[in-house]
Structures are given as C-alpha cells and as structure tokens.
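Undergrad: Contents of coords.txt (compact mmCIF, C-alpha atoms and all ligand atoms):
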```txt
# COMPACT_ATOMS: atom_id res chain seq x y z
CA MET A 1 85.93 134.94 109.69
CA THR A 2 85.72 133.05 106.39
CA ALA A 3 84.71 129.39 106.37
CA PRO A 4 87.52 126.91 105.58
CA ARG A 5 87.66 126.02 101.90
CA ASP A 6 86.09 122.67 101.01
CA ARG A 7 88.92 120.83 99.25
CA ARG A 8 86.85 117.80 98.32
CA PRO A 9 86.80 117.18 94.56
CA ARG A 10 83.65 118.28 92.80
CA ALA A 11 81.53 116.05 90.60
CA ALA A 12 83.17 117.42 87.44
CA ALA A 13 86.59 116.20 88.63
CA PHE A 14 85.29 112.64 88.73
CA ASP A 15 83.34 113.02 85.48
CA ARG A 16 86.26 114.11 83.33
CA VAL A 17 88.63 111.38 84.55
CA LEU A 18 86.13 108.53 84.46
CA ASP A 19 84.69 109.66 81.13
CA ALA A 20 88.22 109.78 79.67
CA LEU A 21 88.94 106.23 80.89
CA ALA A 22 85.62 104.75 79.73
CA GLY A 23 86.08 102.13 77.01
CA ARG A 24 89.90 102.31 77.03
CA TYR A 25 90.64 98.97 78.67
CA PRO A 26 89.15 95.49 78.44
CA PRO A 27 86.77 94.58 81.27
CA THR A 28 88.20 92.89 84.33
CA MET A 29 87.39 89.23 84.90
CA LEU A 30 84.46 90.20 87.13
CA GLY A 31 83.34 92.83 84.65
CA ALA A 32 83.21 90.09 82.02
CA PHE A 33 81.31 87.78 84.42
CA ALA A 34 78.60 90.40 85.06
CA GLY A 35 75.38 89.59 83.26
CA ARG A 36 76.84 86.30 82.00
CA LEU A 37 77.26 84.13 85.11
CA PRO A 38 74.82 83.49 87.98
CA ALA A 39 75.33 85.36 91.24
CA PHE A 40 76.64 82.24 92.96
CA GLN A 41 79.47 81.82 90.46
CA ILE A 42 80.30 85.53 90.65
CA LEU A 43 80.54 85.25 94.43
CA ILE A 44 82.82 82.21 94.23
CA GLY A 45 84.92 83.79 91.47
CA THR A 46 85.35 86.91 93.58
CA ILE A 47 86.52 84.93 96.62
CA LEU A 48 89.00 83.07 94.42
CA SER A 49 90.28 86.27 92.81
CA ALA A 50 91.68 87.70 96.05
CA ARG A 51 95.44 88.15 95.63
CA SER A 52 95.41 86.21 92.37
CA ARG A 53 95.85 87.33 88.82
CA ASP A 54 92.64 87.58 86.79
CA GLU A 55 94.02 85.37 84.03
CA ALA A 56 94.77 82.46 86.39
CA THR A 57 91.52 82.88 88.33
CA ASP A 58 89.47 82.99 85.14
CA LYS A 59 90.91 79.67 83.95
CA VAL A 60 90.34 78.05 87.34
CA CYS A 61 86.76 79.32 87.43
CA SER A 62 85.86 77.89 84.05
CA VAL A 63 87.02 74.41 85.12
CA LEU A 64 85.54 74.69 88.62
CA PHE A 65 82.11 75.86 87.46
CA LYS A 66 81.80 72.98 85.01
CA GLN A 67 82.11 70.51 87.89
CA TYR A 68 80.54 72.56 90.68
CA PRO A 69 78.06 74.98 89.11
CA THR A 70 75.65 75.35 92.05
CA PRO A 71 75.78 75.77 95.83
CA ALA A 72 74.47 72.22 96.29
CA ARG A 73 77.22 70.69 94.14
CA LEU A 74 79.98 72.73 95.76
CA ALA A 75 78.68 72.14 99.29
CA ALA A 76 78.92 68.40 98.70
CA ALA A 77 82.62 68.65 97.85
CA ARG A 78 85.46 68.34 100.35
CA PRO A 79 88.14 71.05 100.29
CA ALA A 80 90.65 68.32 99.41
CA ASP A 81 88.65 67.57 96.24
CA LEU A 82 89.11 71.15 95.09
CA ILE A 83 92.79 71.64 95.79
CA PRO A 84 94.02 70.15 92.49
CA LEU A 85 91.69 72.54 90.62
CA LEU A 86 92.60 75.61 92.65
CA ARG A 87 96.35 75.02 92.77
CA PRO A 88 97.19 77.59 90.02
CA ILE A 89 95.92 80.47 92.19
CA GLY A 90 97.26 81.91 95.43
CA PHE A 91 96.11 80.67 98.86
CA TYR A 92 94.36 77.74 97.26
CA ARG A 93 94.06 75.62 100.41
CA GLN A 94 92.39 78.38 102.36
CA LYS A 95 90.17 79.28 99.41
CA ALA A 96 89.08 75.64 99.01
CA SER A 97 87.78 75.77 102.59
CA PHE A 98 86.21 79.19 102.13
CA ILE A 99 84.19 78.29 99.07
CA THR A 100 82.90 74.92 100.30
CA GLU A 101 81.86 76.48 103.61
CA THR A 102 80.31 79.45 101.82
CA ALA A 103 78.27 77.09 99.64
CA ARG A 104 77.06 75.25 102.76
CA LEU A 105 76.08 78.49 104.48
CA LEU A 106 74.20 79.69 101.41
CA LEU A 107 72.11 76.53 101.60
CA ALA A 108 71.69 76.66 105.39
CA ARG A 109 70.95 80.37 105.76
CA HIS A 110 69.73 81.70 102.44
CA GLY A 111 67.93 78.85 100.67
CA GLY A 112 70.81 78.47 98.22
CA GLU A 113 70.59 82.11 97.08
CA VAL A 114 73.31 84.74 97.32
CA PRO A 115 72.23 87.46 99.76
CA ARG A 116 72.11 91.07 98.60
CA THR A 117 73.24 92.95 101.67
CA LEU A 118 76.73 93.85 102.81
CA ASP A 119 76.15 92.47 106.30
CA GLU A 120 74.89 89.08 105.09
CA LEU A 121 77.64 88.80 102.50
CA THR A 122 80.47 89.69 104.89
CA ALA A 123 79.22 86.98 107.28
CA LEU A 124 80.34 84.38 104.70
CA PRO A 125 83.85 82.86 104.86
CA GLY A 126 86.39 84.63 102.67
CA VAL A 127 84.08 87.59 102.09
CA GLY A 128 85.38 90.95 103.28
CA ARG A 129 84.09 94.38 102.28
CA LYS A 130 85.82 94.37 98.91
CA VAL A 131 84.45 90.97 97.89
CA ALA A 132 80.97 91.85 99.18
CA ASN A 133 80.96 95.14 97.27
CA CYS A 134 82.11 93.32 94.12
CA VAL A 135 79.18 90.91 94.46
CA LEU A 136 76.75 93.80 94.87
CA VAL A 137 78.11 95.53 91.77
CA TYR A 138 78.88 92.65 89.43
CA ALA A 139 76.20 90.14 90.42
CA PHE A 140 73.30 92.46 91.25
CA GLY A 141 74.03 95.86 89.74
CA VAL A 142 73.60 97.42 93.19
CA PRO A 143 75.67 100.62 93.49
CA ALA A 144 78.71 100.04 95.73
CA ILE A 145 82.41 100.90 95.56
CA PRO A 146 84.74 97.90 95.62
CA VAL A 147 88.18 99.23 96.53
CA ASP A 148 91.18 97.08 95.75
CA THR A 149 94.82 98.16 95.70
CA HIS A 150 94.46 99.74 92.23
CA VAL A 151 91.45 101.85 93.21
CA HIS A 152 93.08 102.85 96.50
CA ARG A 153 96.37 103.83 94.86
CA ILE A 154 94.92 105.70 91.90
CA ALA A 155 92.30 107.61 93.89
CA ASN A 156 95.15 108.89 96.07
CA ARG A 157 97.43 109.70 93.15
CA LEU A 158 94.66 111.63 91.42
CA GLY A 159 94.18 113.64 94.61
CA TRP A 160 90.57 112.55 95.06
CA VAL A 161 91.28 111.21 98.54
CA ARG A 162 94.11 111.22 101.04
CA THR A 163 93.80 107.88 102.77
CA ARG A 164 95.96 105.12 104.16
CA THR A 165 93.83 102.03 103.63
CA PRO A 166 91.33 100.71 101.06
CA GLU A 167 88.61 100.88 103.73
CA GLU A 168 89.29 104.58 104.28
CA THR A 169 89.27 105.10 100.52
CA GLU A 170 85.91 103.38 100.19
CA ARG A 171 84.42 105.64 102.87
CA ALA A 172 85.96 108.79 101.39
CA LEU A 173 84.80 107.94 97.87
CA ALA A 174 81.32 107.06 99.09
CA ALA A 175 81.07 110.58 100.52
CA ARG A 176 82.25 112.29 97.32
CA LEU A 177 81.76 110.19 94.23
CA PRO A 178 78.50 110.84 92.35
CA ARG A 179 76.40 107.69 92.48
CA ARG A 180 76.25 107.43 88.70
CA HIS A 181 79.91 106.30 88.77
CA TRP A 182 79.64 103.66 91.48
CA LEU A 183 78.99 100.73 89.16
CA THR A 184 81.86 101.52 86.83
CA ILE A 185 84.66 103.17 88.79
CA THR A 186 86.30 99.92 89.91
CA ASP A 187 86.56 98.37 86.46
CA LEU A 188 87.89 101.61 84.99
CA LEU A 189 90.55 102.18 87.66
CA VAL A 190 91.63 98.53 87.76
CA GLY A 191 92.08 98.59 83.98
CA HIS A 192 94.01 101.85 84.22
CA GLY A 193 96.10 100.50 87.10
CA LYS A 194 97.15 97.41 85.16
CA ALA A 195 97.92 99.21 81.91
CA VAL A 196 99.22 102.67 82.82
CA CYS A 197 99.04 103.74 86.47
CA ARG A 198 101.06 100.81 87.69
CA PRO A 199 102.05 100.42 91.32
CA LEU A 200 105.72 101.00 90.53
CA GLY A 201 106.61 103.30 87.70
CA PRO A 202 103.29 104.80 86.59
CA ARG A 203 103.44 105.80 82.92
CA CYS A 204 102.41 109.40 83.48
CA GLY A 205 103.85 110.48 80.12
CA GLU A 206 101.26 108.41 78.25
CA CYS A 207 98.40 108.80 80.71
CA PRO A 208 95.11 110.11 79.28
CA VAL A 209 94.16 111.75 82.58
CA ALA A 210 97.54 113.21 83.55
CA ARG A 211 96.34 116.79 83.25
CA TRP A 212 93.82 116.19 86.04
CA CYS A 213 96.12 114.15 88.28
CA ALA A 214 97.89 115.61 91.32
CA HIS A 215 100.69 113.03 91.11
CA GLY A 216 101.10 113.43 87.35
CA ARG A 217 101.27 117.22 87.60
CA ALA A 218 103.86 117.01 90.36
CA ARG A 219 106.08 114.79 88.17
CA ARG A 220 105.85 117.03 85.11
CA PRO A 221 109.12 118.91 84.46
CA ALA A 222 108.94 122.61 85.26
CA PRO A 223 108.81 124.86 82.16
CA ALA A 224 112.28 126.08 81.14
S1 LIG A 301 99.24 110.85 85.68
FE1 LIG A 301 100.48 109.16 86.44
S2 LIG A 301 99.88 108.90 88.59
FE2 LIG A 301 98.29 110.15 87.59
S3 LIG A 301 96.73 108.68 86.94
FE3 LIG A 301 98.12 108.98 85.23
S4 LIG A 301 99.67 107.34 85.41
FE4 LIG A 301 98.60 107.54 87.39
```
Starting from the file, give its structure as structure tokens.
Ligand code: SF4
TA:
Amino acid sequence: MTAPRDRRPRAAAFDRVLDALAGRYPPTMLGAFAGRLPAFQILIGTILSARSRDEATDKVCSVLFKQYPTPARLAAARPADLIPLLRPIGFYRQKASFITETARLLLARHGGEVPRTLDELTALPGVGRKVANCVLVYAFGVPAIPVDTHVHRIANRLGWVRTRTPEETERALAARLPRRHWLTITDLLVGHGKAVCRPLGPRCGECPVARWCAHGRARRPAPA
C-alpha cells in the first residue's frame, strides 16, 4: 500500500510567491512603525488598528503619542479623556478603555515594559493572538505569524491552506511556512490584499503571482 500523498505546499511554493511580492507595496502602518517607535507605542497602535483603516489609525496614533507617549502618561488618563482623540477610528470607546487599562497593567505587572511572550501579551485588554503576534514581529523582531483577514483569505486562495478561521490559518502556516518568511509574510500579504487580491473582486488578471495561485488558475479561461 502506498502512503497518502503529502499535499502540503513545499518551501519553494512559499518562496516564489513571497519573493515575487517583496518590495511591490508600501509597508503597512505597523511595518512603518517597526524600528521607529518604541514597543509600547507599537502595542497601543496595534490595539487601535483592529477593524480600523491604517490611514485613520496612523493619524490618531501620531496625535495620541504626542500627548501620551509612555505607559505612565497613558495610565494616568481616563478613557473619557481619550475619546475625542480616538473618535475617527472604529470602536473608539472600547479601545479607550483597553489602552488605558493596558498601560496600567504594564506598570503593575511588567515594570512599564511590554512583555515578549504570547501568553503575557494576550493577558492584556484588547490583545488577542493577532495583536500579540503583531507586537512580537513589529516591536521585537520575534518570528510569529500575525493572521488578519487579508492573510487568511489570500493563504486560502493561493491554496497554501484550507482553513475556516484566522486562528486555523495561523496554525496551518506555522506548520508549513519556512521560518525565514515569518517576519515578512503579513506585510506582504496585507499589501497584496489591499492592492490586488481584494476581498471582493480580486484582480487576478493583473496579479504577479497568479500562475502559482489555485484560485487564479481556476478563474483563468480554458484554452480555446
Ligand atoms: S491570482 Fe487572484 S486570487 Fe490568486 S493571489 Fe492573485 S489576485 Fe489573489
């Protein structure tokens, strides 16, 4: 009896797609923060970015960080103080509570530093797996795979994974994706998802990785 064929993509399948996307799109907001802002501001910016457009979040962050640049300054604020600043982004009331409480917990539990483990990060308000993985990647350069809706959708369209949720996608990618891509995959797929592989109406005809994409191949007209 022959062993079942391993259908998981090989390293080369990831290499050719991610190499082809490298340098094509501007960095995401968090990609631009990396190496420029302190870990605390990257953590707060990531919490604020959930379900908000990068452009709006970026503007809010630049105003917020001028007034509240450190955990001590933010912890001293009341959520009500922050609401006028956060109003341009989604879920601003909830996020105002999340970030003030997170600042307080950083002081109480971590001496004002941002922790570097997934468990400690996800214990903070407003920090789920995606936010925690973003902090690891963008604040600390620790290999992790932040999976948002773009990464989840595109990994499935490419045929790399067959998953129903971002959490499943993260696990499946962690088992298959060579570690050398972990720090960059999210920025590349988010850029590709905004510009070309959009949620509705992906532009497969102008996609630089269409030849390696299961979804793109399926949409190609059959030869006459
Ligand atoms: S071929 Fe289409 S579905 Fe596949 S990655 Fe490109 S835009 Fe997305």
Undergrad: Can you tell me which residues surround Pro166 in chain A at a distance of at most 7 Å, considering all atoms listed in the file, apart from same-chain residues fewer than 4 positions away, and format the answer as a ChimeraX atom specification?
TA: /A:147-149,152,170
Undergrad: Pick from A:Leu85, A:Cys197, A:Leu189, A:Val161: nearest to Arg10 in chain A, with all atoms listed in the file counted?
TA: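 Of the candidates, the smallest distance to Arg10 in chain A is held by A:Val161.
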Undergrad: Please check which protein, DNA or RNA residues sit within 8 Å of ligand LIG 301 (chain A), counting all atoms listed in the file, and write them as an NGL selection string.
TA: :A and (154 or 157-158 or 192-193 or 196-198 or 202-217)
Undergrad: CA of Ala22 in chain A and CA of Val137 in chain A, how far apart in Å?
TA: 16.9 Å
Undergrad: Could you state the separation of CA of Ala144 in chain A and CA of Met29 in chain A in Å, given to one decimal place?
TA: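 For CA of Ala144 in chain A relative to CA of Met29 in chain A, the distance reads 17.6 Å.
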Undergrad: In Å, with one decimal, what is the gap from CA of Phe98 in chain A to CA of Ser52 in chain A?
TA: 15.1 Å
Undergrad: Looking at all atoms listed in the file, which of A:Pro178, A:Leu82, A:Ala32, A:Thr100 is the one that sits closest to Phe14 in chain A?
TA: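 Among A:Pro178, A:Leu82, A:Ala32, A:Thr100, it is A:Pro178 that comes nearest to Phe14 in chain A.
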Undergrad: Given all atoms listed in the file as the basis, pick out the residue of A:Pro84, A:Val135, A:Trp160, A:Arg51 nearest to Leu121 in chain A.
TA: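 Closest residue, counting all atoms listed in the file: A:Val135.
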Undergrad: Using all atoms listed in the file, find each residue in range 96-137 of chain A having at least one atom no more than 12 Å away from range 62-68 of chain A; report its shortest atom-to-atom pair and that distance in Å (one decimal), rows by chain then rising number, as a tab-separated table.
TA:
```
residue	atom	partner	partner_atom	distance
A:Ala96	CA	A:Leu64	CA	11.0
A:Ile99	CA	A:Tyr68	CA	10.8
A:Thr100	CA	A:Tyr68	CA	10.2
A:Ala103	CA	A:Tyr68	CA	10.3
```
Undergrad: Each residue of range 113-154 of chain A lying at most 7 Å from range 33-41 of chain A should get a row with its shortest atom-to-atom pair and the distance in Å to one decimal, counting only C-alpha atoms; could you produce that, ordered by chain and increasing number, as JSON lines?
TA:
```
{"residue": "A:Val114", "atom": "CA", "partner": "A:Phe40", "partner_atom": "CA", "distance": 6.0}
{"residue": "A:Tyr138", "atom": "CA", "partner": "A:Ala34", "partner_atom": "CA", "distance": 4.9}
{"residue": "A:Ala139", "atom": "CA", "partner": "A:Ala39", "partner_atom": "CA", "distance": 4.9}
```
Undergrad: Rank A:Trp182, A:Tyr25, A:Phe140, A:Tyr92 by their smallest atom-to-atom distance to Pro115 in chain A, using all atoms listed in the file, and report the top residue only.
TA: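 For Pro115 in chain A, the nearest of the given residues is A:Phe140.
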Undergrad: With only C-alpha atoms as the basis for distance, which of A:Arg180, A:Arg93, A:Leu107, A:Lys59 is at the shortest distance from Ala75 in chain A?
TA: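 Once distances to Ala75 in chain A are computed over only C-alpha atoms, the minimum belongs to A:Leu107.
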Undergrad: Taking into account all atoms listed in the file, which residue in the set A:Ala72, A:Leu43, A:Leu30, A:Cys134 is nearest to Glu55 in chain A?
TA: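 Counting all atoms listed in the file, the residue closest to Glu55 in chain A is A:Leu30.
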Undergrad: Please provide the set of residues having any atom within 12 Å of Glu120 in chain A, restricted to all atoms listed in the file, with same-chain residues fewer than 3 positions apart removed, written as a list of chain:residue names.
TA: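 Residues near the query, excluding close chain neighbours: A:Thr102, A:Leu105, A:Leu106, A:Arg109, A:His110, A:Glu113, A:Val114, A:Pro115, A:Arg116, A:Thr117, A:Ala123, A:Leu124, A:Pro125, A:Val127, A:Gly128, A:Arg129, A:Ala132, A:Asn133, A:Val135, A:Leu136.
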Undergrad: Axis-aligned box over every listed atom of range 124-140 of chain A, padded by 8 Å per side: centre and edges in Å to one decimal, as lines of an AutoDock Vina configuration file?
TA:
```
center_x = 79.8
center_y = 89.2
center_z = 97.1
size_x = 29.1
size_y = 28.7
size_z = 31.4
```
Undergrad: When you look at Gly90 in chain A with a cut-off of 12 Å (counting only C-alpha atoms), what residues show up, excluding the ones that are within fewer than 5 positions of it in the same chain? I need them as a VMD selection string.
TA: chain A and resid 47 to 54 56 to 57 60 83 85 95 to 96
Undergrad: If we count only C-alpha atoms, what is near Val190 in chain A at a cut-off of 8 Å, once residues fewer than 6 positions away on the same chain are taken out, given as an mmCIF file with C-alpha atoms, in the frame of the given file?
TA:
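Wrote selection_4.cif, looks like this:
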```
data_model
loop_
_atom_site.group_PDB
_atom_site.id
_atom_site.type_symbol
_atom_site.label_atom_id
_atom_site.label_comp_id
_atom_site.auth_asym_id
_atom_site.auth_seq_id
_atom_site.Cartn_x
_atom_site.Cartn_y
_atom_site.Cartn_z
ATOM 1 C CA THR A 28 88.200 92.890 84.330
ATOM 2 C CA HIS A 150 94.460 99.740 92.230
ATOM 3 C CA VAL A 151 91.450 101.850 93.210
#
```
